[in-house]
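Printed here is run.json (JSON, C-alpha atoms and all ligand atoms):
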[["chain", "number", "residue", "atom", "x", "y", "z"],
["A", 1, "MET", "CA", -87.35, 41.28, 173.87],
["A", 2, "VAL", "CA", -87.54, 38.08, 175.92],
["A", 3, "VAL", "CA", -90.32, 36.13, 177.67],
["A", 4, "ALA", "CA", -89.63, 37.90, 180.99],
["A", 5, "ASP", "CA", -90.38, 41.28, 179.34],
["A", 6, "ILE", "CA", -93.77, 40.01, 178.13],
["A", 7, "ILE", "CA", -94.63, 38.84, 181.65],
["A", 8, "LYS", "CA", -93.74, 42.22, 183.11],
["A", 9, "LEU", "CA", -95.51, 44.31, 180.47],
["A", 10, "LEU", "CA", -98.74, 42.30, 180.68],
["A", 11, "ASP", "CA", -98.63, 41.76, 184.44],
["A", 12, "ALA", "CA", -99.05, 38.10, 183.48],
["A", 13, "ASN", "CA", -99.36, 34.92, 185.52],
["A", 14, "VAL", "CA", -97.10, 32.09, 184.50],
["A", 15, "ILE", "CA", -99.26, 29.01, 183.91],
["A", 16, "SER", "CA", -96.57, 26.59, 182.66],
["A", 17, "ASN", "CA", -94.41, 24.71, 185.09],
["A", 18, "GLU", "CA", -91.41, 25.00, 182.82],
["A", 19, "ILE", "CA", -90.43, 28.34, 181.37],
["A", 20, "ASP", "CA", -87.32, 29.96, 179.94],
["A", 21, "MET", "CA", -87.53, 33.61, 180.93],
["A", 22, "ASN", "CA", -84.68, 34.51, 178.58],
["A", 23, "HIS", "CA", -86.14, 32.96, 175.44],
["A", 24, "PRO", "CA", -86.23, 35.64, 172.72],
["A", 25, "VAL", "CA", -89.52, 36.74, 171.15],
["A", 26, "LYS", "CA", -89.54, 38.62, 167.86],
["A", 27, "THR", "CA", -93.14, 38.97, 166.73],
["A", 28, "VAL", "CA", -96.75, 38.76, 167.92],
["A", 29, "CYS", "CA", -99.99, 37.40, 166.49],
["A", 30, "GLY", "CA", -103.34, 37.99, 168.19],
["A", 31, "SER", "CA", -106.27, 35.83, 167.08],
["A", 32, "ASP", "CA", -109.00, 33.46, 168.19],
["A", 33, "MET", "CA", -109.02, 31.85, 164.73],
["A", 34, "MET", "CA", -106.34, 29.17, 164.50],
["A", 35, "SER", "CA", -106.44, 29.12, 160.68],
["A", 36, "ASP", "CA", -105.36, 32.78, 160.71],
["A", 37, "VAL", "CA", -102.48, 31.88, 163.00],
["A", 38, "LEU", "CA", -101.50, 29.02, 160.67],
["A", 39, "ALA", "CA", -101.58, 31.40, 157.71],
["A", 40, "PHE", "CA", -99.92, 34.51, 159.09],
["A", 41, "ILE", "CA", -97.69, 33.91, 162.09],
["A", 42, "LYS", "CA", -93.94, 34.48, 161.78],
["A", 43, "LYS", "CA", -91.02, 32.83, 163.58],
["A", 44, "ASP", "CA", -90.20, 33.21, 167.32],
["A", 45, "ALA", "CA", -93.73, 34.40, 167.93],
["A", 46, "VAL", "CA", -95.98, 35.08, 170.88],
["A", 47, "LEU", "CA", -99.61, 34.08, 170.31],
["A", 48, "LEU", "CA", -102.28, 36.17, 172.03],
["A", 49, "THR", "CA", -105.63, 34.40, 172.15],
["A", 50, "GLY", "CA", -108.98, 34.22, 173.89],
["A", 51, "LEU", "CA", -109.51, 30.68, 172.61],
["A", 52, "ASN", "CA", -109.01, 28.10, 175.29],
["A", 53, "ASN", "CA", -108.79, 24.54, 173.93],
["A", 54, "LEU", "CA", -106.24, 21.90, 172.96],
["A", 55, "GLN", "CA", -106.13, 23.12, 169.35],
["A", 56, "VAL", "CA", -104.43, 26.31, 170.52],
["A", 57, "LEU", "CA", -101.56, 24.13, 171.70],
["A", 58, "ARG", "CA", -101.59, 21.97, 168.57],
["A", 59, "THR", "CA", -101.42, 25.13, 166.47],
["A", 60, "ALA", "CA", -98.58, 26.46, 168.61],
["A", 61, "GLU", "CA", -96.77, 23.14, 168.23],
["A", 62, "MET", "CA", -97.14, 23.17, 164.44],
["A", 63, "MET", "CA", -95.88, 26.76, 164.14],
["A", 64, "ASP", "CA", -93.10, 26.52, 166.77],
["A", 65, "ILE", "CA", -94.72, 29.29, 168.78],
["A", 66, "VAL", "CA", -92.60, 30.27, 171.80],
["A", 67, "CYS", "CA", -95.29, 31.44, 174.14],
["A", 68, "ILE", "CA", -99.11, 31.62, 174.36],
["A", 69, "VAL", "CA", -100.76, 34.46, 176.27],
["A", 70, "PHE", "CA", -104.37, 33.82, 177.26],
["A", 71, "VAL", "CA", -106.14, 37.17, 177.38],
["A", 72, "ARG", "CA", -109.12, 38.21, 179.57],
["A", 73, "GLY", "CA", -107.99, 35.87, 182.34],
["A", 74, "LYS", "CA", -108.78, 32.65, 180.45],
["A", 75, "THR", "CA", -107.38, 29.67, 182.36],
["A", 76, "PRO", "CA", -106.17, 26.62, 180.45],
["A", 77, "SER", "CA", -107.06, 23.15, 181.78],
["A", 78, "ALA", "CA", -104.63, 20.90, 183.69],
["A", 79, "GLU", "CA", -104.45, 18.72, 180.57],
["A", 80, "MET", "CA", -103.32, 21.73, 178.54],
["A", 81, "VAL", "CA", -100.70, 22.66, 181.14],
["A", 82, "ALA", "CA", -99.26, 19.15, 181.04],
["A", 83, "MET", "CA", -99.24, 19.15, 177.24],
["A", 84, "ALA", "CA", -97.59, 22.60, 177.07],
["A", 85, "ASP", "CA", -94.82, 21.44, 179.42],
["A", 86, "GLU", "CA", -94.27, 18.39, 177.30],
["A", 87, "LEU", "CA", -94.16, 20.42, 174.08],
["A", 88, "ASN", "CA", -91.96, 23.07, 175.66],
["A", 89, "ILE", "CA", -94.46, 25.84, 174.90],
["A", 90, "TYR", "CA", -94.80, 28.53, 177.56],
["A", 91, "MET", "CA", -98.27, 29.58, 178.71],
["A", 92, "LEU", "CA", -99.09, 32.92, 180.33],
["A", 93, "GLN", "CA", -102.33, 34.52, 181.43],
["A", 94, "THR", "CA", -103.19, 38.22, 181.52],
["A", 95, "GLN", "CA", -106.31, 40.03, 182.71],
["A", 96, "TYR", "CA", -106.03, 42.56, 179.87],
["A", 97, "THR", "CA", -108.43, 42.31, 176.92],
["A", 98, "MET", "CA", -107.13, 41.37, 173.46],
["A", 99, "PHE", "CA", -107.12, 45.01, 172.33],
["A", 100, "ASP", "CA", -105.22, 46.26, 175.34],
["A", 101, "THR", "CA", -102.78, 43.34, 175.28],
["A", 102, "CYS", "CA", -101.97, 44.10, 171.62],
["A", 103, "GLY", "CA", -101.64, 47.82, 172.40],
["A", 104, "ILE", "CA", -99.26, 47.29, 175.29],
["A", 105, "LEU", "CA", -96.96, 45.04, 173.28],
["A", 106, "TYR", "CA", -97.10, 47.29, 170.21],
["A", 107, "GLU", "CA", -96.20, 50.30, 172.31],
["A", 108, "ALA", "CA", -93.26, 48.34, 173.70],
["A", 109, "GLY", "CA", -91.96, 47.92, 170.14],
["A", 110, "LEU", "CA", -93.20, 44.48, 169.11],
["A", 111, "ARG", "CA", -94.78, 44.07, 165.67],
["A", 112, "GLY", "CA", -96.93, 41.48, 163.91],
["A", 113, "GLY", "CA", -97.04, 40.40, 160.26],
["A", 114, "ARG", "CA", -97.87, 43.99, 159.13],
["A", 115, "LYS", "CA", -100.04, 43.77, 156.05],
["A", 116, "VAL", "CA", -101.00, 40.50, 154.45],
["A", 117, "ASP", "CA", -100.14, 40.17, 150.75],
["A", 118, "GLY", "CA", -102.99, 39.93, 148.25],
["B", 1, "MET", "CA", -86.74, 4.92, 145.62],
["B", 2, "ASP", "CA", -87.82, 3.42, 148.94],
["B", 3, "SER", "CA", -89.86, 5.52, 151.29],
["B", 4, "ILE", "CA", -90.69, 5.46, 154.98],
["B", 5, "HIS", "CA", -94.42, 4.95, 155.28],
["B", 6, "TYR", "CA", -96.73, 6.03, 158.10],
["B", 7, "HIS", "CA", -100.44, 5.46, 158.45],
["B", 8, "TYR", "CA", -102.74, 7.35, 160.81],
["B", 9, "LEU", "CA", -106.38, 6.77, 161.62],
["B", 10, "VAL", "CA", -108.16, 10.08, 162.25],
["B", 11, "ASP", "CA", -111.07, 9.91, 164.68],
["B", 12, "GLY", "CA", -113.97, 12.05, 163.52],
["B", 13, "GLU", "CA", -115.76, 12.01, 166.87],
["B", 14, "ASP", "CA", -113.24, 13.79, 169.03],
["B", 15, "PHE", "CA", -112.26, 17.35, 168.12],
["B", 16, "ALA", "CA", -109.87, 17.57, 171.09],
["B", 17, "ARG", "CA", -107.73, 14.81, 169.58],
["B", 18, "ALA", "CA", -107.62, 16.36, 166.10],
["B", 19, "GLY", "CA", -104.01, 17.09, 165.25],
["B", 20, "GLU", "CA", -102.48, 13.99, 166.82],
["B", 21, "ALA", "CA", -101.47, 12.60, 163.44],
["B", 22, "SER", "CA", -99.97, 15.96, 162.46],
["B", 23, "SER", "CA", -98.10, 16.13, 165.74],
["B", 24, "SER", "CA", -96.69, 12.65, 165.26],
["B", 25, "LEU", "CA", -95.57, 13.38, 161.69],
["B", 26, "LYS", "CA", -93.93, 16.61, 162.81],
["B", 27, "SER", "CA", -91.77, 14.83, 165.41],
["B", 28, "LYS", "CA", -90.80, 12.18, 162.89],
["B", 29, "LEU", "CA", -89.71, 14.74, 160.30],
["B", 30, "LYS", "CA", -87.70, 16.48, 163.01],
["B", 31, "GLN", "CA", -86.02, 13.22, 164.04],
["B", 32, "LEU", "CA", -85.20, 12.51, 160.40],
["B", 33, "GLY", "CA", -83.47, 15.88, 160.19],
["B", 34, "PHE", "CA", -85.50, 17.63, 157.48],
["B", 35, "PRO", "CA", -84.95, 21.41, 157.15],
["B", 36, "PRO", "CA", -87.17, 23.60, 159.39],
["B", 37, "ASP", "CA", -88.95, 25.19, 156.43],
["B", 38, "VAL", "CA", -89.93, 21.77, 155.04],
["B", 39, "ILE", "CA", -91.19, 20.67, 158.45],
["B", 40, "ARG", "CA", -93.17, 23.90, 158.85],
["B", 41, "ARG", "CA", -94.84, 23.57, 155.45],
["B", 42, "CYS", "CA", -95.71, 19.89, 156.00],
["B", 43, "SER", "CA", -97.05, 20.70, 159.46],
["B", 44, "ILE", "CA", -99.38, 23.43, 158.19],
["B", 45, "ALA", "CA", -100.59, 21.32, 155.26],
["B", 46, "ILE", "CA", -101.31, 18.15, 157.21],
["B", 47, "TYR", "CA", -102.80, 19.90, 160.25],
["B", 48, "GLU", "CA", -105.33, 21.95, 158.23],
["B", 49, "GLY", "CA", -106.14, 18.76, 156.30],
["B", 50, "GLU", "CA", -106.56, 16.71, 159.45],
["B", 51, "ILE", "CA", -108.83, 19.38, 160.96],
["B", 52, "ASN", "CA", -110.94, 19.34, 157.78],
["B", 53, "MET", "CA", -111.32, 15.57, 158.03],
["B", 54, "VAL", "CA", -112.60, 15.92, 161.58],
["B", 55, "ILE", "CA", -114.91, 18.93, 161.17],
["B", 56, "HIS", "CA", -116.27, 18.23, 157.67],
["B", 57, "ALA", "CA", -115.92, 14.49, 157.03],
["B", 58, "ASP", "CA", -116.16, 12.45, 160.25],
["B", 59, "GLY", "CA", -112.50, 11.41, 160.19],
["B", 60, "GLY", "CA", -110.56, 9.20, 157.80],
["B", 61, "ASP", "CA", -107.11, 7.87, 156.97],
["B", 62, "ILE", "CA", -103.81, 9.65, 156.48],
["B", 63, "ASP", "CA", -100.93, 7.98, 154.64],
["B", 64, "VAL", "CA", -97.55, 9.64, 154.49],
["B", 65, "ASP", "CA", -94.58, 8.58, 152.38],
["B", 66, "ILE", "CA", -91.29, 10.16, 153.26],
["B", 67, "TYR", "CA", -88.62, 10.16, 150.54],
["B", 68, "PRO", "CA", -85.24, 11.87, 150.77],
["B", 69, "ASP", "CA", -86.38, 14.50, 148.26],
["B", 70, "LYS", "CA", -90.11, 14.83, 148.98],
["B", 71, "ILE", "CA", -92.90, 14.15, 151.47],
["B", 72, "VAL", "CA", -96.21, 12.90, 150.10],
["B", 73, "MET", "CA", -99.30, 13.16, 152.31],
["B", 74, "VAL", "CA", -102.59, 11.49, 151.32],
["B", 75, "LEU", "CA", -105.70, 12.35, 153.36],
["B", 76, "LYS", "CA", -108.67, 10.17, 152.51],
["B", 77, "ASP", "CA", -112.15, 10.40, 153.99],
["B", 78, "LYS", "CA", -115.61, 8.96, 153.40],
["B", 79, "GLY", "CA", -117.33, 12.27, 154.11],
["B", 80, "PRO", "CA", -119.94, 14.21, 152.11],
["B", 81, "GLY", "CA", -117.54, 15.36, 149.37],
["B", 82, "ILE", "CA", -117.04, 18.93, 148.14],
["B", 83, "PRO", "CA", -119.69, 20.13, 145.63],
["B", 84, "ASP", "CA", -117.65, 22.99, 144.12],
["B", 85, "ILE", "CA", -113.92, 22.65, 144.63],
["B", 86, "ASP", "CA", -113.04, 26.01, 142.99],
["B", 87, "LEU", "CA", -115.36, 27.73, 145.43],
["B", 88, "ALA", "CA", -114.00, 25.75, 148.38],
["B", 89, "MET", "CA", -110.46, 26.77, 147.42],
["B", 90, "GLN", "CA", -111.32, 30.46, 147.75],
["B", 91, "ALA", "CA", -109.96, 32.15, 150.88],
["B", 92, "GLY", "CA", -112.76, 32.87, 153.32],
["B", 93, "TRP", "CA", -115.29, 30.42, 151.85],
["B", 94, "SER", "CA", -116.62, 27.99, 154.45],
["B", 95, "THR", "CA", -119.67, 25.93, 155.28],
["B", 96, "ALA", "CA", -118.63, 25.70, 158.95],
["B", 97, "LYS", "CA", -121.30, 26.44, 161.53],
["B", 98, "GLU", "CA", -121.07, 28.68, 164.58],
["B", 99, "GLN", "CA", -119.98, 25.78, 166.79],
["B", 100, "ILE", "CA", -116.86, 25.17, 164.67],
["B", 101, "LEU", "CA", -116.03, 28.89, 164.69],
["B", 102, "SER", "CA", -116.15, 28.87, 168.48],
["B", 103, "LEU", "CA", -113.51, 26.10, 168.40],
["B", 104, "GLY", "CA", -111.10, 28.32, 166.42],
["B", 105, "PHE", "CA", -111.65, 26.94, 162.91],
["B", 106, "GLY", "CA", -114.03, 27.53, 160.00],
["B", 107, "ALA", "CA", -112.56, 30.76, 158.65],
["B", 108, "GLY", "CA", -112.30, 29.23, 155.18],
["B", 109, "MET", "CA", -108.50, 29.53, 155.18],
["B", 110, "GLY", "CA", -107.60, 25.85, 155.36],
["B", 111, "LEU", "CA", -107.63, 24.66, 151.73],
["B", 112, "PRO", "CA", -105.91, 27.82, 150.38],
["B", 113, "ASN", "CA", -103.19, 27.52, 153.02],
["B", 114, "MET", "CA", -102.75, 23.79, 152.27],
["B", 115, "LYS", "CA", -102.22, 24.67, 148.61],
["B", 116, "LYS", "CA", -99.82, 27.49, 149.44],
["B", 117, "SER", "CA", -97.81, 25.35, 151.87],
["B", 118, "SER", "CA", -97.35, 22.39, 149.52],
["B", 119, "ASP", "CA", -95.58, 22.25, 146.16],
["B", 120, "GLU", "CA", -98.38, 20.20, 144.65],
["B", 121, "MET", "CA", -101.95, 19.60, 145.80],
["B", 122, "ASN", "CA", -104.59, 17.45, 144.19],
["B", 123, "VAL", "CA", -108.19, 17.11, 145.44],
["B", 124, "GLU", "CA", -110.38, 14.24, 144.29],
["B", 125, "THR", "CA", -113.90, 14.42, 145.59],
["B", 126, "GLU", "CA", -117.24, 12.80, 144.92],
["B", 127, "ILE", "CA", -120.54, 13.77, 146.52],
["B", 128, "GLY", "CA", -121.67, 11.18, 149.04],
["B", 129, "VAL", "CA", -118.49, 9.12, 148.57],
["B", 130, "GLY", "CA", -115.65, 11.15, 150.02],
["B", 131, "THR", "CA", -112.61, 13.30, 149.44],
["B", 132, "THR", "CA", -108.94, 12.48, 148.91],
["B", 133, "VAL", "CA", -106.42, 15.29, 149.23],
["B", 134, "THR", "CA", -102.86, 14.55, 148.09],
["B", 135, "MET", "CA", -100.14, 17.04, 148.97],
["B", 136, "THR", "CA", -96.45, 16.91, 148.10],
["B", 137, "VAL", "CA", -93.76, 19.00, 149.73],
["B", 138, "ASN", "CA", -90.40, 18.92, 147.95],
["B", 139, "VAL", "CA", -87.16, 18.90, 149.88],
["B", 140, "PRO", "CA", -84.68, 21.35, 148.36],
["B", 141, "ASN", "CA", -81.21, 19.83, 147.92],
["C", 1, "LIG", "N1", -112.55, 16.78, 153.71],
["C", 1, "LIG", "C1", -113.61, 17.53, 153.40],
["C", 1, "LIG", "N2", -114.82, 16.96, 153.22],
["C", 1, "LIG", "C2", -115.90, 17.70, 152.89],
["C", 1, "LIG", "N3", -115.87, 19.04, 152.75],
["C", 1, "LIG", "C3", -114.70, 19.67, 152.92],
["C", 1, "LIG", "C4", -113.51, 18.96, 153.25],
["C", 1, "LIG", "N4", -112.49, 19.85, 153.34],
["C", 1, "LIG", "C5", -113.03, 21.06, 153.06],
["C", 1, "LIG", "N5", -114.35, 20.96, 152.80],
["C", 1, "LIG", "C6", -115.29, 22.05, 152.41],
["C", 1, "LIG", "O1", -114.52, 23.13, 151.90],
["C", 1, "LIG", "C7", -114.78, 24.32, 152.69],
["C", 1, "LIG", "C8", -113.51, 25.13, 152.80],
["C", 1, "LIG", "O2", -112.50, 24.42, 153.53],
["C", 1, "LIG", "P1", -111.36, 25.23, 154.28],
["C", 1, "LIG", "O3", -110.71, 26.15, 153.31],
["C", 1, "LIG", "O4", -110.48, 24.27, 154.99],
["C", 1, "LIG", "O5", -112.16, 26.13, 155.30],
["C", 1, "LIG", "P2", -112.91, 25.74, 156.67],
["C", 1, "LIG", "O6", -112.48, 24.37, 157.07],
["C", 1, "LIG", "O7", -112.45, 26.79, 157.62],
["C", 1, "LIG", "O8", -114.37, 25.83, 156.39],
["C", 1, "LIG", "C9", -115.29, 23.80, 154.02],
["C", 1, "LIG", "O9", -116.08, 24.74, 154.70],
["C", 1, "LIG", "C10", -116.10, 22.56, 153.58],
["C", 1, "LIG", "O10", -117.36, 22.94, 153.09],
["C", 2, "MG", "MG", -110.53, 23.85, 157.09]]
Can the structure from this file be put into structure tokens for me?
Ligand SMILES: Nc1ncnc2c1ncn2[C@@H]1O[C@H](COP(=O)(O)OP(=O)(O)O)[C@@H](O)[C@H]1O
Ligand SMILES: [Mg+2]
Amino acid sequence: MVVADIIKLLDANVISNEIDMNHPVKTVCGSDMMSDVLAFIKKDAVLLTGLNNLQVLRTAEMMDIVCIVFVRGKTPSAEMVAMADELNIYMLQTQYTMFDTCGILYEAGLRGGRKVDG
Amino acid sequence: MDSIHYHYLVDGEDFARAGEASSSLKSKLKQLGFPPDVIRRCSIAIYEGEINMVIHADGGDIDVDIYPDKIVMVLKDKGPGIPDIDLAMQAGWSTAKEQILSLGFGAGMGLPNMKKSSDEMNVETEIGVGTTVTMTVNVPN
């Protein structure tokens, strides 16, 4: 799956100015808690979140996250858009809720971290 | 062996700016050509530590020494200290208030993940004086 597939499946708006539609995505993590993301996210990931602040981008930067999808129509600030472009992190926005966003991507074959050890 | 040394001042007042030191270290490690797994582990360790300094300790100082075979990160604050470090190390244990949770942190996962991500972690803490967390990530050869 690539970024363009995510956009289509989630009927998403592209928030970033710079985006590579053909960038591969392999896994998904949905959370509003950044510590969970820092503990559990895998490589080439999409992050689904309802949290809308600069720490979402910092977390994405630290974990080399490909793409952030803001659920429930959350709109990142102009400062966040500029920072995302600079960091080469793609930002999308969908009107779907977290549950439905996860369901749509799961149904399309994407998976998360499965179970957490211990 | 000589190291490359970096010092960062972490502002405890501004949550939006938390992570700037971590971001800077990450780009430097990338420039220096360290393996992706080493960079990832350092990034997680320093970022959770930097966030802790901001949300629990009103900021502090970060000193990083980069050697060819290891990266040593020292995070020092003059915050309240940690009364029971064994308890604080437990996954899910947190004193963070609702306001911190609404910012995406305070799940009590930081210290355990810092320990897991580094090869060595040492916490020195004194009530009313402050906390110093030292983390080492080894570079496999
Ligand atoms: N630098 C620090 N100064 C004072 N207390 C700290 C510091 N770092 C961590 N703590 C304490 O340890 C607890 C657990 O930390 P952590 O595992 O990072 O979880 P969280 O930050 O989500 O609460 C914190 O809630 C706080 O009480
Ligand atoms: Mg923490």
Inset, instruction - Could I get the residue neighbourhood of ligand MG 2 (chain C) at 10 Å, counting only C-alpha atoms and all ligand atoms, as a PyMOL selection string? - result: (chain A and resi 35) or (chain B and resi 47-56+88+93-96+100+105-114)
Inset, instruction - Identify which of the residues A:Met34, A:Ile104, A:Ala4, A:Val66 lies closest to ligand LIG 1 (chain C), counting all atoms listed in the file when measuring atom-to-atom distances. - result: A:Met34
Inset, instruction - Using all atoms listed in the file, determine which residues lie at most 12 Å from Ser27 (chain B), disregarding the query and same-chain residues fewer than 2 positions distant; provide the list as a ChimeraX atom specification. - result: /A:61-62,64,87 /B:20-25,29-34,36,39-40,42-43
Next, the residues of the selection above should be written as a PDB file, in the coordinates of the input with C-alpha atoms.
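Listing of part-v3.pdb after writing:
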ATOM      1  CA  GLU A  61     -96.770  23.140 168.230  1.00  0.00           C
ATOM      2  CA  MET A  62     -97.140  23.170 164.440  1.00  0.00           C
ATOM      3  CA  ASP A  64     -93.100  26.520 166.770  1.00  0.00           C
ATOM      4  CA  LEU A  87     -94.160  20.420 174.080  1.00  0.00           C
TER       5      LEU A  87
ATOM      6  CA  GLU B  20    -102.480  13.990 166.820  1.00  0.00           C
ATOM      7  CA  ALA B  21    -101.470  12.600 163.440  1.00  0.00           C
ATOM      8  CA  SER B  22     -99.970  15.960 162.460  1.00  0.00           C
ATOM      9  CA  SER B  23     -98.100  16.130 165.740  1.00  0.00           C
ATOM     10  CA  SER B  24     -96.690  12.650 165.260  1.00  0.00           C
ATOM     11  CA  LEU B  25     -95.570  13.380 161.690  1.00  0.00           C
ATOM     12  CA  LEU B  29     -89.710  14.740 160.300  1.00  0.00           C
ATOM     13  CA  LYS B  30     -87.700  16.480 163.010  1.00  0.00           C
ATOM     14  CA  GLN B  31     -86.020  13.220 164.040  1.00  0.00           C
ATOM     15  CA  LEU B  32     -85.200  12.510 160.400  1.00  0.00           C
ATOM     16  CA  GLY B  33     -83.470  15.880 160.190  1.00  0.00           C
ATOM     17  CA  PHE B  34     -85.500  17.630 157.480  1.00  0.00           C
ATOM     18  CA  PRO B  36     -87.170  23.600 159.390  1.00  0.00           C
ATOM     19  CA  ILE B  39     -91.190  20.670 158.450  1.00  0.00           C
ATOM     20  CA  ARG B  40     -93.170  23.900 158.850  1.00  0.00           C
ATOM     21  CA  CYS B  42     -95.710  19.890 156.000  1.00  0.00           C
ATOM     22  CA  SER B  43     -97.050  20.700 159.460  1.00  0.00           C
TER      23      SER B  43
END
Legend entry - Expected answer as a count of residues only: chain A residues within 12 Å of chain B, all atoms listed in the file: 35
Legend entry - Distance query Glu126 (chain B) at most 12 Å, only C-alpha atoms, self and fewer than 3 positions along chain excluded, as a list in words: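 Close residues of Glu126 (chain B): Lys76, Asp77, Lys78, Gly79, Pro80, Gly81, Ile82, Pro83, Asp84, Ile85, Val123, Val129, Gly130, Thr131, Thr132 and Val133 of chain B.
Here CA of Ala82 (chain A) and CA of Val28 (chain A) stand 23.7 Å from one another.
Minimum atom-to-atom distance to ligand LIG 1 (chain C), evaluated using all atoms listed in the file, belongs to B:Ala57 out of B:Val64, B:Asn122, B:Met73, B:Ala57.
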Legend entry - Shortest interatomic distance to ligand LIG 1 (chain C) - which of B:Val137, B:Leu9, B:Leu75, B:Ile66, counting only C-alpha atoms and all ligand atoms: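 Result for the nearest residue to ligand LIG 1 (chain C): B:Leu75.
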Inset, instruction - Please identify all polymer residues within 8 Å of Thr136 (chain B), counting all atoms listed in the file, omitting same-chain residues fewer than 2 positions from it, and present them as a list in words. - result: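 Residues meeting the cut-off are Lys70, Ile71, Val72, Met73, Ser118, Asp119, Glu120, Met121, Thr134 and Asn138 of chain B.
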Inset, instruction - Compare B:Val139, B:Val38, B:Met1, B:Val10 by their minimum atom-to-atom distance to ligand LIG 1 (chain C), counting all atoms listed in the file, and give me the closest one. - result: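 Of all the options, B:Val10 lies closest to ligand LIG 1 (chain C).
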Inset, instruction - Would you work out the distance separating CA of Ala78 (chain A) from CA of Val2 (chain A), expressed in Å to one decimal? - result: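 These atoms are spaced 25.4 Å apart.
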Inset, instruction - Using CA of Ala84 (chain A) and CA of Ala45 (chain A) as the two end points, give the distance in Å to one decimal. - result: 15.4 Å
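The residue that comes closest to ligand LIG 1 (chain C), out of B:Gly128, B:Glu98, B:Ala91, B:Pro35 and on the basis of all atoms listed in the file, is B:Ala91.
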Is it possible to add all heavy atoms to region 14-19 of chain A and hand it back as a PDB file, keeping the file's coordinate frame?
ATOM      1  N   VAL A  14     -97.724  33.190 185.219  1.00  0.00           N
ATOM      2  CA  VAL A  14     -97.100  32.090 184.500  1.00  0.00           C
ATOM      3  C   VAL A  14     -97.890  30.820 184.796  1.00  0.00           C
ATOM      4  O   VAL A  14     -98.048  30.426 185.947  1.00  0.00           O
ATOM      5  CB  VAL A  14     -95.628  31.907 184.933  1.00  0.00           C
ATOM      6  CG1 VAL A  14     -95.001  30.714 184.222  1.00  0.00           C
ATOM      7  CG2 VAL A  14     -94.838  33.174 184.647  1.00  0.00           C
ATOM      8  N   ILE A  15     -98.433  30.197 183.748  1.00  0.00           N
ATOM      9  CA  ILE A  15     -99.260  29.010 183.910  1.00  0.00           C
ATOM     10  C   ILE A  15     -98.425  27.736 183.778  1.00  0.00           C
ATOM     11  O   ILE A  15     -98.690  26.726 184.415  1.00  0.00           O
ATOM     12  CB  ILE A  15    -100.374  28.969 182.826  1.00  0.00           C
ATOM     13  CG1 ILE A  15    -101.164  30.281 182.806  1.00  0.00           C
ATOM     14  CG2 ILE A  15    -101.275  27.770 182.995  1.00  0.00           C
ATOM     15  CD1 ILE A  15    -102.217  30.414 183.853  1.00  0.00           C
ATOM     16  N   SER A  16     -97.411  27.776 182.885  1.00  0.00           N
ATOM     17  CA  SER A  16     -96.570  26.590 182.660  1.00  0.00           C
ATOM     18  C   SER A  16     -95.706  26.314 183.880  1.00  0.00           C
ATOM     19  O   SER A  16     -95.345  27.231 184.609  1.00  0.00           O
ATOM     20  CB  SER A  16     -95.632  26.827 181.480  1.00  0.00           C
ATOM     21  OG  SER A  16     -96.349  27.219 180.371  1.00  0.00           O
ATOM     22  N   ASN A  17     -95.349  25.059 184.030  1.00  0.00           N
ATOM     23  CA  ASN A  17     -94.410  24.710 185.090  1.00  0.00           C
ATOM     24  C   ASN A  17     -92.972  24.968 184.659  1.00  0.00           C
ATOM     25  O   ASN A  17     -92.107  25.248 185.474  1.00  0.00           O
ATOM     26  CB  ASN A  17     -94.573  23.252 185.488  1.00  0.00           C
ATOM     27  CG  ASN A  17     -95.952  23.000 186.065  1.00  0.00           C
ATOM     28  OD1 ASN A  17     -96.365  23.700 186.990  1.00  0.00           O
ATOM     29  ND2 ASN A  17     -96.670  22.049 185.511  1.00  0.00           N
ATOM     30  N   GLU A  18     -92.758  24.816 183.349  1.00  0.00           N
ATOM     31  CA  GLU A  18     -91.410  25.000 182.820  1.00  0.00           C
ATOM     32  C   GLU A  18     -91.417  26.243 181.939  1.00  0.00           C
ATOM     33  O   GLU A  18     -92.249  26.356 181.051  1.00  0.00           O
ATOM     34  CB  GLU A  18     -91.016  23.808 181.952  1.00  0.00           C
ATOM     35  CG  GLU A  18     -91.588  22.513 182.443  1.00  0.00           C
ATOM     36  CD  GLU A  18     -90.507  21.504 182.778  1.00  0.00           C
ATOM     37  OE1 GLU A  18     -89.441  21.585 182.175  1.00  0.00           O
ATOM     38  OE2 GLU A  18     -90.768  20.656 183.651  1.00  0.00           O
ATOM     39  N   ILE A  19     -90.480  27.131 182.190  1.00  0.00           N
ATOM     40  CA  ILE A  19     -90.430  28.340 181.370  1.00  0.00           C
ATOM     41  C   ILE A  19     -88.999  28.865 181.299  1.00  0.00           C
ATOM     42  O   ILE A  19     -88.261  28.801 182.280  1.00  0.00           O
ATOM     43  CB  ILE A  19     -91.423  29.410 181.897  1.00  0.00           C
ATOM     44  CG1 ILE A  19     -91.592  30.546 180.888  1.00  0.00           C
ATOM     45  CG2 ILE A  19     -91.033  29.929 183.264  1.00  0.00           C
ATOM     46  CD1 ILE A  19     -92.902  31.304 181.073  1.00  0.00           C
TER      47      ILE A  19
END
